Amino acid sequence: MIANGWGGSQKDLLYDLHRSLGAVLILILVLRLFYRLANPPLPLPNDIPAMQQRAANMTHWSLYALLIAEPFLGWAATSAYPAAVTVFGWFKLPSIWPVNSALSELLFSVHRWIAFAIAFLVVAHIAAALYHHFVRKDRMLMRMVTG
Ligand code: HEM
Ligand code: HEM
């Protein structure tokens with residue numbers, strides 16, 4: 001997508017920015033996941049139907065799983081390509097996969113599908129948050145602030 005012409009001379013910069021942000025996300029997500037496992041949130045209120053509680057749990061854990069898998073996939077695909085993963089021009093991450101251009105192509109196509117899946121879940125997730133706030137008028141959004 002980034003490679004489709006419109007990037008022009010900014011293309012390499014955009015790739016580097018994409019990889020740098022993705023690499024930082026790995027750290028943030030792993031820290032967040034440990035924090036979350038050590039500090040479970042309050043249970044959801046009883047007036048939320050069991051189906052919706054299950055849907056919310058599935059969406060949240062799928063988001064965690066995909067958000068963590070995605071940057072590792074990008075990293076592995078880039079290693080197999082092969083290209084360097086430089087983090088904000090500061091240091092290079094090691095290669096985590098031997099050079100294999102066919103595999104790199106496959107991993108990038110999985111990378112793209114996972115990106116679509118994340119986008120889909122995020123849209124559903126935001127729609128659910130808006131539904132709670134404006135239709136059900138409950139305090140689901142406020143749980144993020146006050147627990
Ligand atoms: C959560 C983090 C990430 C998300 C959501 C994400 C998402 C995406 C998306 C939407 C694309 C465009 C796919 C397309 O061309 O159709 C892409 C491409 C790409 N990503 Fe990521 N990415 C992430 C992390 C990373 C990381 C950490 C790396 C490398 C270390 C990486 C390397 C690449 C590369 C090189 C491409 C271009 C692939 C190509 O042109 O075929 N990504 N990524
Ligand atoms: C307008 C944007 C968003 C709103 C209003 C929103 C709102 C919320 C709310 C109300 C919760 C539930 C908190 C609770 O259980 O009390 C939540 C949890 C969560 N959100 Fe969002 N969210 C937004 C965007 C996002 C995005 C973009 C992502 C990921 C890319 C995301 C990932 C998650 C995850 C993983 C959880 C589960 C947290 C946990 O239980 O550990 N959210 N969000």
# chains A, B, ... in the order shown; residues from 1 in each chain; ligands from 1
>>> select_by_dssp(residues="region 38-137 of chain A", states="helix (DSSP H, G or I)", output="JSON, numbers by chain")
{"A": [38, 50, 51, 52, 53, 54, 55, 56, 57, 58, 59, 60, 61, 62, 63, 64, 65, 66, 67, 68, 69, 70, 71, 72, 73, 74, 75, 76, 77, 78, 79, 80, 101, 102, 103, 104, 105, 106, 107, 108, 109, 110, 111, 112, 113, 114, 115, 116, 117, 118, 119, 120, 121, 122, 123, 124, 125, 126, 127, 128, 129, 130, 131, 132, 133, 134, 135]}
>>> residues_near_ligand(ligand="ligand 2", cutoff="9 Å", atoms="only C-alpha atoms and all ligand atoms", output="CSV table (one decimal) with all heavy atoms, in the first residue's frame")
chain,number,residue,atom,x,y,z
A,32,ARG,N,1.6,-3.8,28.5
A,32,ARG,CA,0.2,-3.7,28.8
A,32,ARG,C,-0.5,-5.0,29.2
A,32,ARG,O,-1.2,-5.2,30.1
A,32,ARG,CB,-0.6,-3.0,27.6
A,32,ARG,CG,-2.1,-3.1,27.6
A,32,ARG,CD,-2.7,-2.4,28.8
A,32,ARG,NE,-4.1,-2.9,29.0
A,32,ARG,CZ,-4.9,-2.5,29.9
A,32,ARG,NH1,-4.6,-1.4,30.7
A,32,ARG,NH2,-6.1,-3.1,30.1
A,33,LEU,N,0.0,-6.1,28.4
A,33,LEU,CA,-0.6,-7.4,28.6
A,33,LEU,C,-0.3,-7.9,30.0
A,33,LEU,O,-1.1,-8.4,30.7
A,33,LEU,CB,-0.1,-8.3,27.5
A,33,LEU,CG,-0.9,-9.7,27.4
A,33,LEU,CD1,-2.3,-9.4,27.1
A,33,LEU,CD2,-0.3,-10.6,26.4
A,35,TYR,N,0.5,-6.1,32.6
A,35,TYR,CA,-0.2,-5.3,33.6
A,35,TYR,C,-1.6,-5.8,33.7
A,35,TYR,O,-2.2,-5.9,34.8
A,35,TYR,CB,-0.2,-3.8,33.1
A,35,TYR,CG,-1.0,-2.9,34.1
A,35,TYR,CD1,-0.4,-2.4,35.2
A,35,TYR,CD2,-2.3,-2.7,33.8
A,35,TYR,CE1,-1.2,-1.6,36.1
A,35,TYR,CE2,-3.1,-1.9,34.6
A,35,TYR,CZ,-2.5,-1.4,35.8
A,35,TYR,OH,-3.3,-0.7,36.7
A,36,ARG,N,-2.3,-6.0,32.5
A,36,ARG,CA,-3.6,-6.5,32.5
A,36,ARG,C,-3.8,-7.8,33.2
A,36,ARG,O,-4.8,-8.0,33.9
A,36,ARG,CB,-4.1,-6.5,31.0
A,36,ARG,CG,-5.4,-7.2,30.7
A,36,ARG,CD,-6.5,-6.4,31.4
A,36,ARG,NE,-7.8,-6.8,30.9
A,36,ARG,CZ,-8.5,-7.9,31.3
A,36,ARG,NH1,-7.9,-8.7,32.2
A,36,ARG,NH2,-9.7,-8.2,30.8
A,37,LEU,N,-2.9,-8.8,32.9
A,37,LEU,CA,-3.0,-10.1,33.5
A,37,LEU,C,-2.8,-10.0,35.1
A,37,LEU,O,-3.5,-10.7,35.8
A,37,LEU,CB,-2.0,-11.0,33.0
A,37,LEU,CG,-2.2,-11.4,31.5
A,37,LEU,CD1,-1.1,-12.2,30.9
A,37,LEU,CD2,-3.5,-12.2,31.3
A,39,ASN,N,-3.6,-7.2,36.8
A,39,ASN,CA,-4.6,-6.4,37.4
A,39,ASN,C,-5.9,-6.5,36.6
A,39,ASN,O,-6.3,-5.7,35.8
A,39,ASN,CB,-4.2,-4.9,37.3
A,39,ASN,CG,-2.9,-4.6,38.1
A,39,ASN,OD1,-2.9,-4.4,39.3
A,39,ASN,ND2,-1.8,-4.6,37.3
A,40,PRO,N,-6.7,-7.6,36.8
A,40,PRO,CA,-7.9,-7.8,36.1
A,40,PRO,C,-8.9,-6.7,36.4
A,40,PRO,O,-9.0,-6.2,37.6
A,40,PRO,CB,-8.5,-9.1,36.6
A,40,PRO,CG,-7.6,-9.6,37.6
A,40,PRO,CD,-6.5,-8.6,37.8
A,41,PRO,N,-9.7,-6.2,35.4
A,41,PRO,CA,-10.7,-5.1,35.7
A,41,PRO,C,-11.9,-5.7,36.5
A,41,PRO,O,-12.0,-6.9,36.7
A,41,PRO,CB,-11.2,-4.7,34.3
A,41,PRO,CG,-10.9,-5.9,33.5
A,41,PRO,CD,-9.7,-6.6,34.0
A,42,LEU,N,-12.7,-4.8,37.0
A,42,LEU,CA,-13.9,-5.2,37.7
A,42,LEU,C,-14.8,-6.0,36.7
A,42,LEU,O,-14.7,-5.8,35.5
A,42,LEU,CB,-14.7,-4.0,38.1
A,42,LEU,CG,-14.1,-3.1,39.2
A,42,LEU,CD1,-15.0,-1.8,39.4
A,42,LEU,CD2,-14.0,-3.9,40.5
A,43,PRO,N,-15.6,-7.0,37.2
A,43,PRO,CA,-16.4,-7.7,36.3
A,43,PRO,C,-17.4,-6.8,35.7
A,43,PRO,O,-17.7,-5.7,36.2
A,43,PRO,CB,-17.1,-8.7,37.2
A,43,PRO,CG,-16.8,-8.4,38.6
A,43,PRO,CD,-15.7,-7.4,38.6
A,44,LEU,N,-17.9,-7.2,34.5
A,44,LEU,CA,-18.9,-6.4,33.8
A,44,LEU,C,-20.2,-6.4,34.6
A,44,LEU,O,-20.5,-7.4,35.3
A,44,LEU,CB,-19.2,-6.9,32.4
A,44,LEU,CG,-18.0,-6.6,31.4
A,44,LEU,CD1,-18.2,-7.4,30.1
A,44,LEU,CD2,-17.8,-5.2,31.2
A,56,ALA,N,-17.8,-9.2,24.1
A,56,ALA,CA,-16.8,-8.1,24.5
A,56,ALA,C,-15.5,-8.8,24.8
A,56,ALA,O,-14.4,-8.4,24.4
A,56,ALA,CB,-17.3,-7.4,25.7
A,57,ASN,N,-15.5,-9.9,25.6
A,57,ASN,CA,-14.3,-10.6,26.0
A,57,ASN,C,-13.6,-11.1,24.7
A,57,ASN,O,-12.4,-10.9,24.6
A,57,ASN,CB,-14.6,-11.8,26.9
A,57,ASN,CG,-14.7,-11.4,28.3
A,57,ASN,OD1,-14.0,-10.4,28.7
A,57,ASN,ND2,-15.6,-12.0,29.1
A,59,THR,N,-13.8,-10.0,21.7
A,59,THR,CA,-13.2,-8.8,20.9
A,59,THR,C,-11.9,-8.3,21.6
A,59,THR,O,-10.9,-8.1,20.9
A,59,THR,CB,-14.2,-7.7,20.8
A,59,THR,OG1,-15.4,-8.2,20.3
A,59,THR,CG2,-13.7,-6.6,19.9
A,60,HIS,N,-12.0,-8.2,22.9
A,60,HIS,CA,-10.8,-7.6,23.6
A,60,HIS,C,-9.6,-8.5,23.5
A,60,HIS,O,-8.5,-8.1,23.1
A,60,HIS,CB,-11.1,-7.3,25.0
A,60,HIS,CG,-12.1,-6.3,25.2
A,60,HIS,ND1,-12.9,-6.1,26.4
A,60,HIS,CD2,-12.6,-5.3,24.4
A,60,HIS,CE1,-13.7,-5.1,26.2
A,60,HIS,NE2,-13.5,-4.6,25.0
A,61,TRP,N,-9.8,-9.9,23.7
A,61,TRP,CA,-8.7,-10.8,23.6
A,61,TRP,C,-8.2,-11.0,22.2
A,61,TRP,O,-7.0,-11.1,21.9
A,61,TRP,CB,-9.0,-12.1,24.3
A,61,TRP,CG,-9.0,-11.9,25.8
A,61,TRP,CD1,-10.1,-12.0,26.6
A,61,TRP,CD2,-8.0,-11.5,26.7
A,61,TRP,NE1,-9.8,-11.7,27.9
A,61,TRP,CE2,-8.5,-11.4,28.0
A,61,TRP,CE3,-6.6,-11.2,26.5
A,61,TRP,CZ2,-7.7,-11.0,29.1
A,61,TRP,CZ3,-5.8,-10.8,27.6
A,61,TRP,CH2,-6.4,-10.7,28.9
A,62,SER,N,-9.1,-10.9,21.2
A,62,SER,CA,-8.7,-11.0,19.8
A,62,SER,C,-7.8,-9.8,19.5
A,62,SER,O,-6.8,-9.9,18.8
A,62,SER,CB,-9.9,-11.1,18.8
A,62,SER,OG,-10.7,-12.1,19.2
A,63,LEU,N,-8.2,-8.6,20.0
A,63,LEU,CA,-7.5,-7.4,19.7
A,63,LEU,C,-6.0,-7.5,20.3
A,63,LEU,O,-5.1,-7.3,19.6
A,63,LEU,CB,-8.1,-6.2,20.3
A,63,LEU,CG,-9.2,-5.5,19.4
A,63,LEU,CD1,-10.0,-4.5,20.2
A,63,LEU,CD2,-8.6,-4.9,18.1
A,64,TYR,N,-6.0,-8.0,21.5
A,64,TYR,CA,-4.6,-8.2,22.1
A,64,TYR,C,-3.8,-9.2,21.2
A,64,TYR,O,-2.6,-8.9,20.9
A,64,TYR,CB,-4.7,-8.8,23.5
A,64,TYR,CG,-5.0,-7.8,24.6
A,64,TYR,CD1,-6.1,-7.8,25.4
A,64,TYR,CD2,-4.0,-6.7,24.8
A,64,TYR,CE1,-6.3,-6.9,26.5
A,64,TYR,CE2,-4.2,-5.8,25.8
A,64,TYR,CZ,-5.4,-5.9,26.6
A,64,TYR,OH,-5.5,-5.0,27.6
A,65,ALA,N,-4.4,-10.3,20.9
A,65,ALA,CA,-3.6,-11.4,20.2
A,65,ALA,C,-3.2,-10.8,18.8
A,65,ALA,O,-2.0,-11.0,18.5
A,65,ALA,CB,-4.5,-12.6,20.0
A,67,LEU,N,-2.9,-7.6,17.8
A,67,LEU,CA,-2.1,-6.5,17.9
A,67,LEU,C,-0.6,-6.9,18.2
A,67,LEU,O,0.3,-6.2,17.9
A,67,LEU,CB,-2.6,-5.5,18.9
A,67,LEU,CG,-3.8,-4.6,18.5
A,67,LEU,CD1,-4.4,-3.9,19.7
A,67,LEU,CD2,-3.3,-3.6,17.4
A,118,ILE,N,-7.9,-6.4,12.3
A,118,ILE,CA,-7.7,-5.4,13.4
A,118,ILE,C,-8.7,-4.2,13.1
A,118,ILE,O,-9.4,-3.8,14.0
A,118,ILE,CB,-6.3,-5.0,13.6
A,118,ILE,CG1,-5.4,-6.1,14.1
A,118,ILE,CG2,-6.2,-3.8,14.6
A,118,ILE,CD1,-3.9,-5.8,14.1
A,119,ALA,N,-8.6,-3.8,11.9
A,119,ALA,CA,-9.5,-2.6,11.6
A,119,ALA,C,-11.0,-2.9,11.8
A,119,ALA,O,-11.7,-2.1,12.4
A,119,ALA,CB,-9.2,-2.2,10.1
A,121,LEU,N,-12.2,-5.2,13.9
A,121,LEU,CA,-12.5,-5.3,15.3
A,121,LEU,C,-12.6,-3.9,16.0
A,121,LEU,O,-13.4,-3.7,16.8
A,121,LEU,CB,-11.5,-6.2,16.0
A,121,LEU,CG,-11.5,-7.7,15.7
A,121,LEU,CD1,-10.4,-8.4,16.3
A,121,LEU,CD2,-12.9,-8.3,16.2
A,122,VAL,N,-11.6,-3.0,15.5
A,122,VAL,CA,-11.6,-1.7,16.1
A,122,VAL,C,-12.9,-0.9,15.8
A,122,VAL,O,-13.5,-0.3,16.7
A,122,VAL,CB,-10.4,-0.9,15.6
A,122,VAL,CG1,-10.5,0.6,15.9
A,122,VAL,CG2,-9.1,-1.4,16.3
A,123,VAL,N,-13.4,-1.1,14.6
A,123,VAL,CA,-14.7,-0.4,14.2
A,123,VAL,C,-15.8,-1.0,15.1
A,123,VAL,O,-16.6,-0.2,15.6
A,123,VAL,CB,-15.0,-0.5,12.7
A,123,VAL,CG1,-16.4,-0.1,12.4
A,123,VAL,CG2,-13.9,0.3,11.9
A,125,HIS,N,-15.6,-2.4,17.9
A,125,HIS,CA,-15.3,-2.0,19.3
A,125,HIS,C,-15.7,-0.6,19.6
A,125,HIS,O,-16.4,-0.3,20.6
A,125,HIS,CB,-13.8,-2.2,19.5
A,125,HIS,CG,-13.3,-1.8,20.8
A,125,HIS,ND1,-13.5,-2.5,22.0
A,125,HIS,CD2,-12.5,-0.7,21.2
A,125,HIS,CE1,-12.9,-1.9,23.0
A,125,HIS,NE2,-12.3,-0.8,22.5
A,126,ILE,N,-15.4,0.3,18.7
A,126,ILE,CA,-15.8,1.7,18.9
A,126,ILE,C,-17.3,1.8,18.8
A,126,ILE,O,-18.0,2.6,19.6
A,126,ILE,CB,-15.1,2.6,17.9
A,126,ILE,CG1,-13.6,2.6,18.2
A,126,ILE,CG2,-15.6,4.0,17.9
A,126,ILE,CD1,-12.7,3.4,17.2
A,127,ALA,N,-17.9,1.1,17.8
A,127,ALA,CA,-19.4,1.1,17.7
A,127,ALA,C,-20.0,0.7,19.0
A,127,ALA,O,-21.0,1.2,19.5
A,127,ALA,CB,-19.9,0.2,16.6
A,128,ALA,N,-19.5,-0.4,19.6
A,128,ALA,CA,-20.0,-0.9,20.9
A,128,ALA,C,-19.9,0.1,22.0
A,128,ALA,O,-20.8,0.4,22.8
A,128,ALA,CB,-19.3,-2.2,21.3
A,129,ALA,N,-18.7,0.8,22.0
A,129,ALA,CA,-18.5,1.9,23.1
A,129,ALA,C,-19.6,3.0,22.9
A,129,ALA,O,-20.1,3.5,23.9
A,129,ALA,CB,-17.1,2.4,23.0
A,130,LEU,N,-19.8,3.4,21.6
A,130,LEU,CA,-20.8,4.5,21.4
A,130,LEU,C,-22.2,4.0,21.7
A,130,LEU,O,-23.0,4.8,22.3
A,130,LEU,CB,-20.7,4.9,19.9
A,130,LEU,CG,-19.4,5.5,19.5
A,130,LEU,CD1,-19.4,5.8,18.0
A,130,LEU,CD2,-19.1,6.8,20.3
A,132,HIS,N,-23.0,1.9,24.0
A,132,HIS,CA,-23.1,1.9,25.5
A,132,HIS,C,-23.4,3.4,26.0
A,132,HIS,O,-24.2,3.6,26.8
A,132,HIS,CB,-21.9,1.4,26.2
A,132,HIS,CG,-21.9,-0.1,26.3
A,132,HIS,ND1,-22.6,-0.8,27.2
A,132,HIS,CD2,-21.3,-1.1,25.5
A,132,HIS,CE1,-22.4,-2.1,27.0
A,132,HIS,NE2,-21.6,-2.3,26.0
A,133,HIS,N,-22.6,4.3,25.4
A,133,HIS,CA,-22.6,5.6,25.9
A,133,HIS,C,-23.9,6.4,25.5
A,133,HIS,O,-24.6,7.0,26.3
A,133,HIS,CB,-21.4,6.4,25.4
A,133,HIS,CG,-21.1,7.6,26.1
A,133,HIS,ND1,-20.7,7.6,27.5
A,133,HIS,CD2,-21.2,8.9,25.8
A,133,HIS,CE1,-20.6,8.8,27.9
A,133,HIS,NE2,-20.9,9.7,26.9
A,139,ARG,N,-22.5,3.5,32.1
A,139,ARG,CA,-21.2,4.1,32.4
A,139,ARG,C,-20.0,3.3,31.9
A,139,ARG,O,-18.9,3.4,32.5
A,139,ARG,CB,-21.1,4.5,33.9
A,139,ARG,CG,-21.3,3.4,34.9
A,139,ARG,CD,-21.2,4.0,36.3
A,139,ARG,NE,-19.9,4.7,36.5
A,139,ARG,CZ,-18.8,4.2,36.7
A,139,ARG,NH1,-18.6,2.9,36.6
A,139,ARG,NH2,-17.7,4.9,36.9
A,140,MET,N,-20.2,2.5,30.9
A,140,MET,CA,-19.1,1.7,30.3
A,140,MET,C,-17.9,2.6,30.0
A,140,MET,O,-16.7,2.2,30.3
A,140,MET,CB,-19.6,1.0,29.1
A,140,MET,CG,-18.6,0.0,28.5
A,140,MET,SD,-18.1,-1.3,29.7
A,140,MET,CE,-19.6,-2.1,29.9
A,141,LEU,N,-18.1,3.7,29.3
A,141,LEU,CA,-16.9,4.6,29.0
A,141,LEU,C,-16.2,5.1,30.2
A,141,LEU,O,-15.0,5.2,30.2
A,141,LEU,CB,-17.4,5.7,28.1
A,141,LEU,CG,-17.2,5.6,26.6
A,141,LEU,CD1,-17.6,6.9,25.9
A,141,LEU,CD2,-15.8,5.2,26.2
A,142,MET,N,-17.0,5.4,31.2
A,142,MET,CA,-16.4,6.0,32.5
A,142,MET,C,-15.6,5.0,33.2
A,142,MET,O,-14.7,5.3,34.0
A,142,MET,CB,-17.5,6.5,33.4
A,142,MET,CG,-18.1,7.8,32.9
A,142,MET,SD,-16.9,9.0,32.5
A,142,MET,CE,-16.2,9.4,34.1
A,143,ARG,N,-15.8,3.7,33.0
A,143,ARG,CA,-15.0,2.6,33.6
A,143,ARG,C,-13.5,2.8,33.3
A,143,ARG,O,-12.6,2.4,34.0
A,143,ARG,CB,-15.4,1.2,33.2
A,143,ARG,CG,-16.6,0.7,33.9
A,143,ARG,CD,-17.2,-0.5,33.2
A,143,ARG,NE,-16.2,-1.6,33.0
A,143,ARG,CZ,-16.1,-2.7,33.7
A,143,ARG,NH1,-17.0,-2.9,34.7
A,143,ARG,NH2,-15.2,-3.6,33.5
A,144,MET,N,-13.3,3.4,32.0
A,144,MET,CA,-11.9,3.6,31.6
A,144,MET,C,-11.2,4.7,32.5
A,144,MET,O,-10.0,4.7,32.6
A,144,MET,CB,-11.8,4.1,30.2
A,144,MET,CG,-12.2,2.9,29.2
A,144,MET,SD,-12.2,3.5,27.5
A,144,MET,CE,-10.6,4.1,27.3
A,145,VAL,N,-12.0,5.6,33.1
A,145,VAL,CA,-11.5,6.7,33.9
A,145,VAL,C,-11.5,6.3,35.4
A,145,VAL,O,-10.4,6.4,36.0
A,145,VAL,CB,-12.3,7.9,33.6
A,145,VAL,CG1,-11.6,9.1,34.4
A,145,VAL,CG2,-12.4,8.2,32.2
A,147,GLY,N,-12.8,3.2,36.8
A,147,GLY,CA,-12.9,1.8,37.1
A,147,GLY,C,-14.3,1.3,37.4
A,147,GLY,O,-15.2,2.1,37.4
>>> closest_residue(among="A:Phe34, A:Trp90, A:Phe116, A:Trp75", to="ligand 1", atoms="only C-alpha atoms and all ligand atoms")
A:Trp75
>>> residues_near_ligand(ligand="ligand 1", cutoff="7 Å", atoms="only C-alpha atoms and all ligand atoms", output="PyMOL selection string")
chain A and resi 1-3+15+18-23+25+67-68+70-72+74-75+78+85+105+108+111-112+115
>>> select_by_dssp(residues="chain A", states="strand (DSSP E)", output="list of chain:residue names")
A:Val85, A:Thr86, A:Val87, A:Phe91, A:Lys92, A:Leu93
>>> write_last_selection(atoms="N, CA, C and O atoms", output="compact mmCIF listing (two decimals), in the first residue's frame")
# COMPACT_ATOMS: atom_id res chain seq x y z
N VAL A 85 15.33 -3.54 9.93
CA VAL A 85 14.31 -2.88 10.74
C VAL A 85 15.04 -1.90 11.64
O VAL A 85 15.68 -2.27 12.62
N THR A 86 14.98 -0.61 11.26
CA THR A 86 15.66 0.43 12.04
C THR A 86 14.63 1.15 12.88
O THR A 86 13.58 1.53 12.37
N VAL A 87 14.91 1.34 14.16
CA VAL A 87 13.94 1.99 15.04
C VAL A 87 14.30 3.46 15.18
O VAL A 87 15.27 3.81 15.84
N PHE A 91 18.64 2.46 16.32
CA PHE A 91 19.33 1.17 16.34
C PHE A 91 18.57 0.20 15.43
O PHE A 91 17.43 0.46 15.05
N LYS A 92 19.27 -0.90 15.10
CA LYS A 92 18.65 -1.90 14.23
C LYS A 92 18.21 -3.10 15.03
O LYS A 92 18.94 -3.55 15.92
N LEU A 93 17.04 -3.63 14.71
CA LEU A 93 16.62 -4.89 15.33
C LEU A 93 17.29 -6.03 14.56
O LEU A 93 17.51 -5.93 13.35
>>> atom_distance(atom1="CA of Ala83 (chain A)", atom2="CA of Val110 (chain A)")
17.9 Å
>>> atom_distance(atom1="CA of Ala80 (chain A)", atom2="CA of Leu107 (chain A)")
8.9 Å
>>> closest_residue(among="A:Ile28, A:Ala38, A:Leu106, A:Met58", to="Tyr81 (chain A)", atoms="only C-alpha atoms")
A:Leu106
>>> atom_distance(atom1="CA of Leu17 (chain A)", atom2="CA of Ser95 (chain A)")
17.8 Å
>>> residues_around(residues="Ile96 (chain A)", least_positions_apart="2", cutoff="8 Å", atoms="only C-alpha atoms", output="list in words")
Trp75, Ala76, Ser79, Pro94 and Pro98 of chain A
